Amino acid sequence: FPSHDKNLLVFNYSMNERSQVFSHQSRIVMKLASHLDSLDVVTAEQLTSPSSSNVHISSTNWIPGRNLRNVVDFYRVSIPLLIKHRGGVVFSHMTEVQSLLISPICKLLRIRHFLWYAHRSESIFLSLAYPFLNGVITSTKGSCPIDGKKVKAIGQSVDLELTSQISRIPSIPPRSWYHVGRLDPSKNLELIINALVPLYQNDSTINLHFYGSPSSEEAVEYFNLLRSKYNVSNFPWVHFHGQLSYTELVEVSNSHDGFIHAFWGSLDKALLEAILLKRVVVSANPEYLWEFRGQRLHQENQLAELRGQLLKVYGEKPSSTQKQIDDDFRLAKENHSLDNWITELLLILKAPM
């Protein structure tokens with residue numbers, strides 16, 4: 001690293017390994033630290049784990065809605081660390097608001113600043129920060145709303161250790177379907193249920209399990225309406241299990257046959273984890289369809305796409321479905337492993353100006 005031998009400053013949301021949304025950020029910090037002399041972290045959430053050996057963590061205790069207080073505390077914590085890393089490198093992990101706040105300071109202190117952003121939705125903060133950034137790093141080309149020479153796609157960061165814990169092959173065709181992720185409107189959970197209704201009507205052994213919890217007050221309202229509509233009395237085959245920790249993921253996946261998914265956005269890590277755990281996968285995610293099937297999809301056709309994939313799974317020979325599982329596994333392993341992601345990231349961060 002320029003001016004700092006193997007040192008790095010990271011900004012992220014959480015160092016909580018049990019976080020529903022950001023547990024991977026802690027794992028990535030520790031993985032990066034194994035390649036560095038020292039690593040400073042400025043995290044938004046209140047600290048849940050202490051600093052260790054060469055990793056030093058500071059928290060801004062960012063509380064949504066308390067804008068002025070957040071900015072003051074953020075600068076109080078981050079400015080001394082930015083001065084410490086003068087002439088060095090900053091990696092902002094999906095923190096476009098904080099990236100905008102520090103971007104002019106990074107320019108002033110000749111700090112190379114890279115932002116990881118893997119979300120299809122437009123962000124005014126990303127657009128404003130972009131001119132100041134040395135690069136935007138994303139998962140796939142379609143997972144970033146900005147297209148430019150400073151945007152680099154390096155895949156997702158899935159730990160391949162998952163693959164050594166597969167203890168049960170799925171039943172083909174599947175009887176038990178599951179979904180892992182936030183129970184938010186963007187995940188199109190009602191679409192998933194509606195896609196499976198015709199199959200359940202023909203075979204009452206089919207069941208569906210949701211693992212996760214709402215991530216906002218708006219999402220809580222959505223989830224309550226969803227759970228009320230798809231209640232146990234009328235939909236005994238639909239189950240809501242609450243939040244799932246990363247350590248429970250493999251056990252839960254091994255207990256189901258198929259992963260079903262309809263997020264209209266970037267390539268979900270939960271989707272890749274299901275592929276690497278060799279489950280049957282049915283998805284109307286546009287980035288998944290492009291990378292794994294070579295096809296484009298219009299958003300209004302998501303339900304038809306899900307039902308079409310389900311009909312194929314239940315109509316073709318199990319050997320054909322198994323071949324698709326194996327082909328997807330090889331592709332995901334090649335393009336989305338954590339080790340490859342870390343290697344690609346470090347090459348970008350270390351590259352000379």
# chains A, B, ... in the order shown; residues from 1 in each chain; ligands from 1
call {"tool": "select_by_dssp", "arguments": {"residues": "stretch 207-334 of chain A", "states": "helix (DSSP H, G or I)", "output": "PyMOL selection string"}}
result
chain A and resi 217-229+246-254+269-276+286-293+299-315+318-334
call {"tool": "residues_around", "arguments": {"residues": "A:Leu160", "least_positions_apart": "4", "cutoff": "12 Å", "atoms": "only C-alpha atoms", "output": "PDB file with N, CA and C atoms, in the first residue's frame"}}
result
ATOM      1  N   GLN A 156     -19.127 -12.047  -5.832  1.00  0.00           N
ATOM      2  CA  GLN A 156     -19.526 -12.002  -4.430  1.00  0.00           C
ATOM      3  C   GLN A 156     -18.504 -12.743  -3.580  1.00  0.00           C
ATOM      4  N   SER A 164     -18.088 -27.947   2.495  1.00  0.00           N
ATOM      5  CA  SER A 164     -17.617 -29.145   3.196  1.00  0.00           C
ATOM      6  C   SER A 164     -18.634 -29.645   4.215  1.00  0.00           C
ATOM      7  N   GLN A 165     -19.724 -28.868   4.403  1.00  0.00           N
ATOM      8  CA  GLN A 165     -20.699 -29.206   5.429  1.00  0.00           C
ATOM      9  C   GLN A 165     -22.024 -29.714   4.868  1.00  0.00           C
ATOM     10  N   ILE A 166     -22.023 -30.043   3.570  1.00  0.00           N
ATOM     11  CA  ILE A 166     -23.238 -30.598   2.964  1.00  0.00           C
ATOM     12  C   ILE A 166     -23.427 -32.020   3.488  1.00  0.00           C
ATOM     13  N   VAL A 250     -26.081 -23.579   7.309  1.00  0.00           N
ATOM     14  CA  VAL A 250     -25.836 -24.881   6.681  1.00  0.00           C
ATOM     15  C   VAL A 250     -26.833 -25.919   7.172  1.00  0.00           C
ATOM     16  N   LEU A 272     -26.412 -17.394  -3.777  1.00  0.00           N
ATOM     17  CA  LEU A 272     -25.149 -18.077  -4.084  1.00  0.00           C
ATOM     18  C   LEU A 272     -24.831 -19.141  -3.035  1.00  0.00           C
ATOM     19  N   GLU A 273     -25.151 -18.847  -1.779  1.00  0.00           N
ATOM     20  CA  GLU A 273     -24.910 -19.841  -0.729  1.00  0.00           C
ATOM     21  C   GLU A 273     -25.765 -21.081  -0.951  1.00  0.00           C
ATOM     22  N   ALA A 274     -26.995 -20.903  -1.407  1.00  0.00           N
ATOM     23  CA  ALA A 274     -27.857 -22.048  -1.701  1.00  0.00           C
ATOM     24  C   ALA A 274     -27.291 -22.866  -2.855  1.00  0.00           C
ATOM     25  N   ILE A 275     -26.743 -22.194  -3.858  1.00  0.00           N
ATOM     26  CA  ILE A 275     -26.119 -22.892  -4.992  1.00  0.00           C
ATOM     27  C   ILE A 275     -24.922 -23.697  -4.512  1.00  0.00           C
ATOM     28  N   LEU A 276     -24.098 -23.094  -3.658  1.00  0.00           N
ATOM     29  CA  LEU A 276     -22.897 -23.774  -3.177  1.00  0.00           C
ATOM     30  C   LEU A 276     -23.217 -24.866  -2.154  1.00  0.00           C
ATOM     31  N   LEU A 277     -24.418 -24.824  -1.583  1.00  0.00           N
ATOM     32  CA  LEU A 277     -24.861 -25.914  -0.717  1.00  0.00           C
ATOM     33  C   LEU A 277     -25.648 -26.972  -1.497  1.00  0.00           C
ATOM     34  N   PHE A 329     -23.034 -24.954  -9.364  1.00  0.00           N
ATOM     35  CA  PHE A 329     -22.049 -25.055  -8.288  1.00  0.00           C
ATOM     36  C   PHE A 329     -20.661 -24.693  -8.797  1.00  0.00           C
ATOM     37  N   ARG A 330     -20.264 -25.253  -9.936  1.00  0.00           N
ATOM     38  CA  ARG A 330     -18.932 -24.978 -10.489  1.00  0.00           C
ATOM     39  C   ARG A 330     -18.777 -23.499 -10.845  1.00  0.00           C
ATOM     40  N   ALA A 332     -20.474 -20.878  -9.597  1.00  0.00           N
ATOM     41  CA  ALA A 332     -20.454 -20.061  -8.376  1.00  0.00           C
ATOM     42  C   ALA A 332     -19.111 -20.186  -7.654  1.00  0.00           C
ATOM     43  N   LYS A 333     -18.581 -21.390  -7.618  1.00  0.00           N
ATOM     44  CA  LYS A 333     -17.285 -21.624  -6.961  1.00  0.00           C
ATOM     45  C   LYS A 333     -16.168 -20.869  -7.669  1.00  0.00           C
ATOM     46  N   GLU A 334     -16.240 -20.833  -8.974  1.00  0.00           N
ATOM     47  CA  GLU A 334     -15.207 -20.171  -9.778  1.00  0.00           C
ATOM     48  C   GLU A 334     -15.270 -18.650  -9.662  1.00  0.00           C
ATOM     49  N   ASN A 335     -16.491 -18.095  -9.616  1.00  0.00           N
ATOM     50  CA  ASN A 335     -16.656 -16.639  -9.712  1.00  0.00           C
ATOM     51  C   ASN A 335     -16.962 -15.926  -8.404  1.00  0.00           C
ATOM     52  N   HIS A 336     -17.342 -16.669  -7.352  1.00  0.00           N
ATOM     53  CA  HIS A 336     -17.867 -15.975  -6.170  1.00  0.00           C
ATOM     54  C   HIS A 336     -17.317 -16.490  -4.838  1.00  0.00           C
ATOM     55  N   SER A 337     -16.114 -17.017  -4.839  1.00  0.00           N
ATOM     56  CA  SER A 337     -15.547 -17.483  -3.571  1.00  0.00           C
ATOM     57  C   SER A 337     -14.947 -16.322  -2.789  1.00  0.00           C
ATOM     58  N   LEU A 338     -14.981 -16.416  -1.483  1.00  0.00           N
ATOM     59  CA  LEU A 338     -14.426 -15.389  -0.606  1.00  0.00           C
ATOM     60  C   LEU A 338     -12.935 -15.197  -0.864  1.00  0.00           C
ATOM     61  N   ASP A 339     -12.194 -16.287  -1.024  1.00  0.00           N
ATOM     62  CA  ASP A 339     -10.749 -16.174  -1.241  1.00  0.00           C
ATOM     63  C   ASP A 339     -10.437 -15.426  -2.530  1.00  0.00           C
ATOM     64  N   ASN A 340     -11.155 -15.745  -3.619  1.00  0.00           N
ATOM     65  CA  ASN A 340     -10.935 -15.026  -4.878  1.00  0.00           C
ATOM     66  C   ASN A 340     -11.316 -13.552  -4.727  1.00  0.00           C
ATOM     67  N   TRP A 341     -12.402 -13.298  -4.005  1.00  0.00           N
ATOM     68  CA  TRP A 341     -12.867 -11.924  -3.786  1.00  0.00           C
ATOM     69  C   TRP A 341     -11.816 -11.099  -3.050  1.00  0.00           C
TER      70      TRP A 341
END
call {"tool": "residues_around", "arguments": {"residues": "A:Lys187", "least_positions_apart": "2", "cutoff": "10 Å", "atoms": "only C-alpha atoms", "output": "PyMOL selection string"}}
result
chain A and resi 179-185+189-192+261-265+285
call {"tool": "write_last_selection", "arguments": {"atoms": "C-alpha atoms", "output": "short mmCIF file (atom, residue, chain, number, x, y, z; two decimals), in the first residue's frame"}}
result
data_model
loop_
_atom_site.label_atom_id
_atom_site.label_comp_id
_atom_site.auth_asym_id
_atom_site.auth_seq_id
_atom_site.Cartn_x
_atom_site.Cartn_y
_atom_site.Cartn_z
CA HIS A 179 -35.94 -18.68 1.49
CA VAL A 180 -33.26 -16.86 3.53
CA GLY A 181 -33.12 -13.08 3.77
CA ARG A 182 -34.79 -9.94 5.04
CA LEU A 183 -38.60 -10.13 5.13
CA ASP A 184 -38.93 -6.87 3.22
CA PRO A 185 -41.16 -5.82 0.29
CA LEU A 189 -42.27 -12.92 -0.80
CA GLU A 190 -45.90 -12.91 -1.94
CA LEU A 191 -44.71 -13.65 -5.47
CA ILE A 192 -42.85 -16.70 -4.16
CA HIS A 261 -36.05 -16.42 -4.58
CA ALA A 262 -37.46 -13.36 -6.38
CA PHE A 263 -35.43 -10.32 -5.33
CA TRP A 264 -35.36 -7.77 -8.15
CA GLY A 265 -31.91 -6.37 -7.53
CA ASN A 285 -33.37 -12.51 -9.87
#
call {"tool": "residues_around", "arguments": {"residues": "A:Ala44", "least_positions_apart": "4", "cutoff": "7 Å", "atoms": "only C-alpha atoms", "output": "list in words"}}
result
Asn12, Tyr13, Ser14, Ser59, Thr60, Asn61 and Trp62 of chain A
call {"tool": "write_last_selection", "arguments": {"atoms": "N, CA and C atoms", "output": "short mmCIF file (atom, residue, chain, number, x, y, z; two decimals), in the first residue's frame"}}
result
data_model
loop_
_atom_site.label_atom_id
_atom_site.label_comp_id
_atom_site.auth_asym_id
_atom_site.auth_seq_id
_atom_site.Cartn_x
_atom_site.Cartn_y
_atom_site.Cartn_z
N ASN A 12 -17.38 0.36 7.65
CA ASN A 12 -18.49 -0.57 7.39
C ASN A 12 -19.66 -0.27 8.33
N TYR A 13 -20.72 -1.07 8.21
CA TYR A 13 -21.92 -0.87 9.01
C TYR A 13 -21.87 -1.59 10.35
N SER A 14 -21.29 -2.81 10.33
CA SER A 14 -21.40 -3.63 11.53
C SER A 14 -20.24 -4.61 11.63
N SER A 59 -16.31 2.68 16.91
CA SER A 59 -17.73 2.77 16.54
C SER A 59 -18.21 4.22 16.57
N THR A 60 -19.02 4.59 15.57
CA THR A 60 -19.65 5.92 15.57
C THR A 60 -21.06 5.85 16.16
N ASN A 61 -21.53 4.62 16.44
CA ASN A 61 -22.89 4.42 16.99
C ASN A 61 -23.92 5.22 16.19
N TRP A 62 -23.93 4.99 14.89
CA TRP A 62 -24.80 5.70 13.95
C TRP A 62 -26.26 5.29 14.19
#
call {"tool": "atom_distance", "arguments": {"atom1": "atom CA of A:Trp177", "atom2": "atom CA of A:Glu218"}}
result
26.1 Å
call {"tool": "residues_around", "arguments": {"residues": "A:Ala153", "least_positions_apart": "4", "cutoff": "8 Å", "atoms": "only C-alpha atoms", "output": "VMD selection string"}}
result
chain A and resid 137 to 141
call {"tool": "closest_residue", "arguments": {"among": "A:Asp257, A:Glu217, A:Glu344, A:Glu96", "to": "A:Arg168", "atoms": "only C-alpha atoms"}}
result
A:Asp257
call {"tool": "residues_around", "arguments": {"residues": "A:Pro145", "least_positions_apart": "6", "cutoff": "10 Å", "atoms": "only C-alpha atoms", "output": "number ranges by chain"}}
result
A: 117-123, 126-127
call {"tool": "write_last_selection", "arguments": {"atoms": "N, CA, C and O atoms", "output": "CSV table (one decimal), in the first residue's frame"}}
result
chain,number,residue,atom,x,y,z
A,117,TYR,N,-20.0,-1.3,-3.6
A,117,TYR,CA,-21.5,-1.0,-3.8
A,117,TYR,C,-22.1,-2.0,-4.7
A,117,TYR,O,-21.8,-2.1,-5.9
A,118,ALA,N,-22.9,-2.9,-4.1
A,118,ALA,CA,-23.6,-3.9,-4.9
A,118,ALA,C,-25.1,-3.9,-4.7
A,118,ALA,O,-25.7,-4.6,-3.9
A,119,HIS,N,-25.7,-2.9,-5.4
A,119,HIS,CA,-27.1,-2.7,-5.3
A,119,HIS,C,-27.5,-2.0,-6.6
A,119,HIS,O,-26.9,-1.0,-7.0
A,120,ARG,N,-28.6,-2.5,-7.2
A,120,ARG,CA,-29.0,-2.0,-8.5
A,120,ARG,C,-29.7,-0.6,-8.3
A,120,ARG,O,-29.8,0.1,-9.3
A,121,SER,N,-30.2,-0.3,-7.2
A,121,SER,CA,-31.0,1.0,-7.0
A,121,SER,C,-30.0,2.2,-7.1
A,121,SER,O,-28.9,2.1,-6.6
A,122,GLU,N,-30.6,3.3,-7.6
A,122,GLU,CA,-29.9,4.5,-7.7
A,122,GLU,C,-29.6,5.1,-6.3
A,122,GLU,O,-30.5,4.9,-5.4
A,123,SER,N,-28.5,5.8,-6.1
A,123,SER,CA,-28.2,6.4,-4.8
A,123,SER,C,-27.6,7.8,-5.0
A,123,SER,O,-26.6,7.9,-5.7
A,126,LEU,N,-24.1,7.9,-3.7
A,126,LEU,CA,-23.1,7.3,-4.6
A,126,LEU,C,-22.8,8.3,-5.7
A,126,LEU,O,-21.6,8.5,-6.1
A,127,SER,N,-23.8,8.9,-6.3
A,127,SER,CA,-23.6,9.8,-7.4
A,127,SER,C,-22.7,11.0,-7.0
A,127,SER,O,-21.8,11.4,-7.8
call {"tool": "closest_residue", "arguments": {"among": "A:Cys106, A:Leu289, A:Val158, A:Leu297", "to": "A:Gln25", "atoms": "only C-alpha atoms"}}
result
A:Val158
call {"tool": "atom_distance", "arguments": {"atom1": "atom CA of A:Ser245", "atom2": "atom CA of A:Leu196"}}
result
25.9 Å
call {"tool": "residues_around", "arguments": {"residues": "A:Ile206", "least_positions_apart": "3", "cutoff": "10 Å", "atoms": "only C-alpha atoms", "output": "number ranges by chain"}}
result
A: 174-177, 196-197, 199-203, 237-238
call {"tool": "closest_residue", "arguments": {"among": "A:Trp290, A:Ser38, A:Pro173, A:Ala219", "to": "A:Leu310", "atoms": "only C-alpha atoms"}}
result
A:Pro173
call {"tool": "closest_residue", "arguments": {"among": "A:Val55, A:His24, A:Gly155, A:Lys107", "to": "A:Thr343", "atoms": "only C-alpha atoms"}}
result
A:Gly155
